[in-house]
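Input: a single structure, listed below in structure tokens.
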Amino acid sequence: MKIAPSILSADFAALADDIARVEAGGADQLHVDVMDGRFVPNITIGPVVVEAIRKRTRLPLDVHLMIVEPERYLADFVSAGADMVTVHVEACPHLQRALAQIRELGAKAGAALNPATHPEAIQYVLDDLDLVLVMSVNPGFGGQKFIPSAYPKIRHVRTLLGGRPVEVSVDGGVKVEHARPLAEHGATILVSGSAIFGAPDPAAVVKEMRSAAAASACS
Ligand code: DX5
Ligand code: ZN
């Protein structure tokens with residue numbers, strides 16, 4: 001299981017320090033939430049901040065685009081240092097083209113599904129995917145409550161993927177207590193913001209999450 005702290009809940013005025021904390025705690029990648037005030041109600045950051053983060057960490061950057069017309073910005077985010085770029089299927093009428101474009105730019109391509117979106121939305125792009133991001137909250141804000149319909153959806157996505165080596169990531173309201181059931185349902189990346197950065201010791205939560213998820217492998 002990979003742990004991806006979401007910097008949305010970090011201290012943006014001391015971002016490098018917060019990133020160093022989770023990196024020291026063994027985080028596998030950093031999740032970067034990009035919001036445009038149109039696809040979702042909130043506004044966050046753009047390529048300039050991704051570029052600044054890139055200079056401060058060796059961790060892979062997993063950039064989650066919650067924006068309309070994401071195709072317009074793919075090249076900017078990859079040149080800023082994104083290793084993985086995820087677009088929302090709901091924002092992408094030409095999803096296959098967007099995913100192929102991300103790979104052509106040299107990054108890994110992800111598709112995100114809102115809680116109400118059927119997993120079959122990715123059925124005809126399975127070979128274009130490196131990552132499926134199952135949203136367990138309606139995107140837009142950190143600190144929301146985990147929606148349990150994500151569990152059967154993760155299993156459904158796994159079935160659709162067959163044996164393909166595609167990551168299945170879950171994002172929204174993820175806490176230590178969810179790590180084990182999420183691993184058992186087929187998730188391979190846990191994105192977590194407030195549970196990690198809202199804790200007094202973010203590095204400790206990264207470690208707890210990883211061992212809670214690993215407990216499922218032995219049972
Ligand atoms: C929500 C974002 C998430 C968010 C997760 O729209 O996509 O990545 O940062 O934060 P928590 O873990 O607090 O729900
Ligand atoms: Zn996210």
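Letters A, B, ... mark the chains of the structure tokens in the order given; residue numbers begin at 1 per chain; ligand numbers begin at 1, in order shown.
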Excluding A:Ala150 and any residue of its chain fewer than 4 positions from it, enumerate the residues within 9 Å of it, using only C-alpha atoms, and give them as a list of chain:residue names.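 The filter keeps A:Pro115, A:Val134, A:Met135, A:Ser136, A:Val137, A:Phe146, A:Ile154, A:Arg155, A:Val170, A:Leu182.
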Leaving out A:Lys145 and any residue of its chain fewer than 4 positions from it, which residues lie within 10 Å of it when counting only C-alpha atoms, given as a count of residues only? 7
What are the nearest atom pairs, with distances in Å to one decimal, for all residues of stretch 125-219 of chain A that come at most 8 Å from stretch 95-107 of chain A, using only C-alpha atoms, set out by chain and rising residue number as JSON lines?
{"residue": "A:Val125", "atom": "CA", "partner": "A:Gln96", "partner_atom": "CA", "distance": 6.0}
{"residue": "A:Asp128", "atom": "CA", "partner": "A:Leu99", "partner_atom": "CA", "distance": 6.1}
{"residue": "A:Leu129", "atom": "CA", "partner": "A:Leu99", "partner_atom": "CA", "distance": 6.9}
I need the residues in stretch 86-175 of chain A that are helix (DSSP H, G or I) according to DSSP; give them as a ChimeraX atom specification. /A:89-91,95-104,119-128,150-161
Counting only C-alpha atoms and all ligand atoms, what are the residues of chain A within 7 Å of ligand 1, and for each of them which pair of atoms is the nearest and at what distance in Å, to one decimal? Sort the table by chain and rising number, as JSON lines.
{"residue": "A:Ser6", "atom": "CA", "partner": "ligand 1", "partner_atom_place_in_ligand_line": "9 (O)", "distance": 4.9}
{"residue": "A:Ile7", "atom": "CA", "partner": "ligand 1", "partner_atom_place_in_ligand_line": "9 (O)", "distance": 6.7}
{"residue": "A:Leu8", "atom": "CA", "partner": "ligand 1", "partner_atom_place_in_ligand_line": "9 (O)", "distance": 4.8}
{"residue": "A:Ser9", "atom": "CA", "partner": "ligand 1", "partner_atom_place_in_ligand_line": "9 (O)", "distance": 6.3}
{"residue": "A:His31", "atom": "CA", "partner": "ligand 1", "partner_atom_place_in_ligand_line": "8 (O)", "distance": 6.7}
{"residue": "A:Asp33", "atom": "CA", "partner": "ligand 1", "partner_atom_place_in_ligand_line": "7 (O)", "distance": 5.6}
{"residue": "A:His64", "atom": "CA", "partner": "ligand 1", "partner_atom_place_in_ligand_line": "7 (O)", "distance": 6.8}
{"residue": "A:Val137", "atom": "CA", "partner": "ligand 1", "partner_atom_place_in_ligand_line": "1 (C)", "distance": 6.8}
{"residue": "A:Asn138", "atom": "CA", "partner": "ligand 1", "partner_atom_place_in_ligand_line": "6 (O)", "distance": 6.4}
{"residue": "A:Pro139", "atom": "CA", "partner": "ligand 1", "partner_atom_place_in_ligand_line": "6 (O)", "distance": 3.2}
{"residue": "A:Gly140", "atom": "CA", "partner": "ligand 1", "partner_atom_place_in_ligand_line": "6 (O)", "distance": 3.8}
{"residue": "A:Phe141", "atom": "CA", "partner": "ligand 1", "partner_atom_place_in_ligand_line": "6 (O)", "distance": 4.6}
{"residue": "A:Gly142", "atom": "CA", "partner": "ligand 1", "partner_atom_place_in_ligand_line": "13 (O)", "distance": 3.7}
{"residue": "A:Gly143", "atom": "CA", "partner": "ligand 1", "partner_atom_place_in_ligand_line": "13 (O)", "distance": 3.6}
{"residue": "A:Gln144", "atom": "CA", "partner": "ligand 1", "partner_atom_place_in_ligand_line": "14 (O)", "distance": 5.1}
{"residue": "A:Lys145", "atom": "CA", "partner": "ligand 1", "partner_atom_place_in_ligand_line": "14 (O)", "distance": 7.0}
{"residue": "A:Asp171", "atom": "CA", "partner": "ligand 1", "partner_atom_place_in_ligand_line": "8 (O)", "distance": 5.4}
{"residue": "A:Gly172", "atom": "CA", "partner": "ligand 1", "partner_atom_place_in_ligand_line": "14 (O)", "distance": 3.6}
{"residue": "A:Gly173", "atom": "CA", "partner": "ligand 1", "partner_atom_place_in_ligand_line": "14 (O)", "distance": 3.6}
{"residue": "A:Val174", "atom": "CA", "partner": "ligand 1", "partner_atom_place_in_ligand_line": "12 (O)", "distance": 5.2}
{"residue": "A:Val191", "atom": "CA", "partner": "ligand 1", "partner_atom_place_in_ligand_line": "8 (O)", "distance": 6.3}
{"residue": "A:Ser192", "atom": "CA", "partner": "ligand 1", "partner_atom_place_in_ligand_line": "12 (O)", "distance": 3.8}
{"residue": "A:Gly193", "atom": "CA", "partner": "ligand 1", "partner_atom_place_in_ligand_line": "12 (O)", "distance": 3.6}
{"residue": "A:Ser194", "atom": "CA", "partner": "ligand 1", "partner_atom_place_in_ligand_line": "13 (O)", "distance": 3.7}
{"residue": "A:Ala195", "atom": "CA", "partner": "ligand 1", "partner_atom_place_in_ligand_line": "12 (O)", "distance": 5.9}
Would you pick out the contacts of A:Asp11 at 12 Å or less, using only C-alpha atoms, so that residues sharing its chain but fewer than 6 positions from it are not included, and give the list as a PyMOL selection string? chain A and resi 17-19+21+193-194+196-198+202
Put those residues in a file: N, CA, C and O atoms, as a PDB file, in the first residue's frame.
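For reference, selection21.pdb as written:
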ATOM      1  N   ASP A  17       8.170  22.583   5.113  1.00  0.00           N
ATOM      2  CA  ASP A  17       8.344  21.895   6.404  1.00  0.00           C
ATOM      3  C   ASP A  17       7.370  20.731   6.535  1.00  0.00           C
ATOM      4  O   ASP A  17       7.736  19.637   6.970  1.00  0.00           O
ATOM      5  N   ASP A  18       6.116  20.980   6.163  1.00  0.00           N
ATOM      6  CA  ASP A  18       5.114  19.914   6.268  1.00  0.00           C
ATOM      7  C   ASP A  18       5.451  18.758   5.327  1.00  0.00           C
ATOM      8  O   ASP A  18       5.283  17.589   5.682  1.00  0.00           O
ATOM      9  N   ILE A  19       5.932  19.084   4.147  1.00  0.00           N
ATOM     10  CA  ILE A  19       6.300  18.031   3.191  1.00  0.00           C
ATOM     11  C   ILE A  19       7.477  17.224   3.746  1.00  0.00           C
ATOM     12  O   ILE A  19       7.480  15.988   3.689  1.00  0.00           O
ATOM     13  N   ARG A  21       8.182  16.658   6.766  1.00  0.00           N
ATOM     14  CA  ARG A  21       7.685  15.781   7.856  1.00  0.00           C
ATOM     15  C   ARG A  21       7.141  14.481   7.308  1.00  0.00           C
ATOM     16  O   ARG A  21       7.474  13.404   7.803  1.00  0.00           O
ATOM     17  N   GLY A 193      -5.567  13.691   3.689  1.00  0.00           N
ATOM     18  CA  GLY A 193      -5.169  15.067   3.975  1.00  0.00           C
ATOM     19  C   GLY A 193      -5.282  15.402   5.448  1.00  0.00           C
ATOM     20  O   GLY A 193      -4.299  15.411   6.193  1.00  0.00           O
ATOM     21  N   SER A 194      -6.521  15.643   5.901  1.00  0.00           N
ATOM     22  CA  SER A 194      -6.711  16.131   7.271  1.00  0.00           C
ATOM     23  C   SER A 194      -6.276  15.121   8.328  1.00  0.00           C
ATOM     24  O   SER A 194      -5.764  15.506   9.380  1.00  0.00           O
ATOM     25  N   ILE A 196      -3.792  13.235   8.252  1.00  0.00           N
ATOM     26  CA  ILE A 196      -2.325  13.286   8.381  1.00  0.00           C
ATOM     27  C   ILE A 196      -1.878  14.669   8.863  1.00  0.00           C
ATOM     28  O   ILE A 196      -1.242  14.797   9.908  1.00  0.00           O
ATOM     29  N   PHE A 197      -2.223  15.708   8.103  1.00  0.00           N
ATOM     30  CA  PHE A 197      -1.681  17.035   8.437  1.00  0.00           C
ATOM     31  C   PHE A 197      -2.407  17.697   9.611  1.00  0.00           C
ATOM     32  O   PHE A 197      -1.887  18.636  10.212  1.00  0.00           O
ATOM     33  N   GLY A 198      -3.588  17.177   9.957  1.00  0.00           N
ATOM     34  CA  GLY A 198      -4.310  17.715  11.110  1.00  0.00           C
ATOM     35  C   GLY A 198      -3.836  17.093  12.416  1.00  0.00           C
ATOM     36  O   GLY A 198      -4.257  17.510  13.489  1.00  0.00           O
ATOM     37  N   PRO A 202       2.329  14.250  11.918  1.00  0.00           N
ATOM     38  CA  PRO A 202       1.914  13.701  10.618  1.00  0.00           C
ATOM     39  C   PRO A 202       2.715  12.460  10.206  1.00  0.00           C
ATOM     40  O   PRO A 202       2.156  11.521   9.634  1.00  0.00           O
TER      41      PRO A 202
END
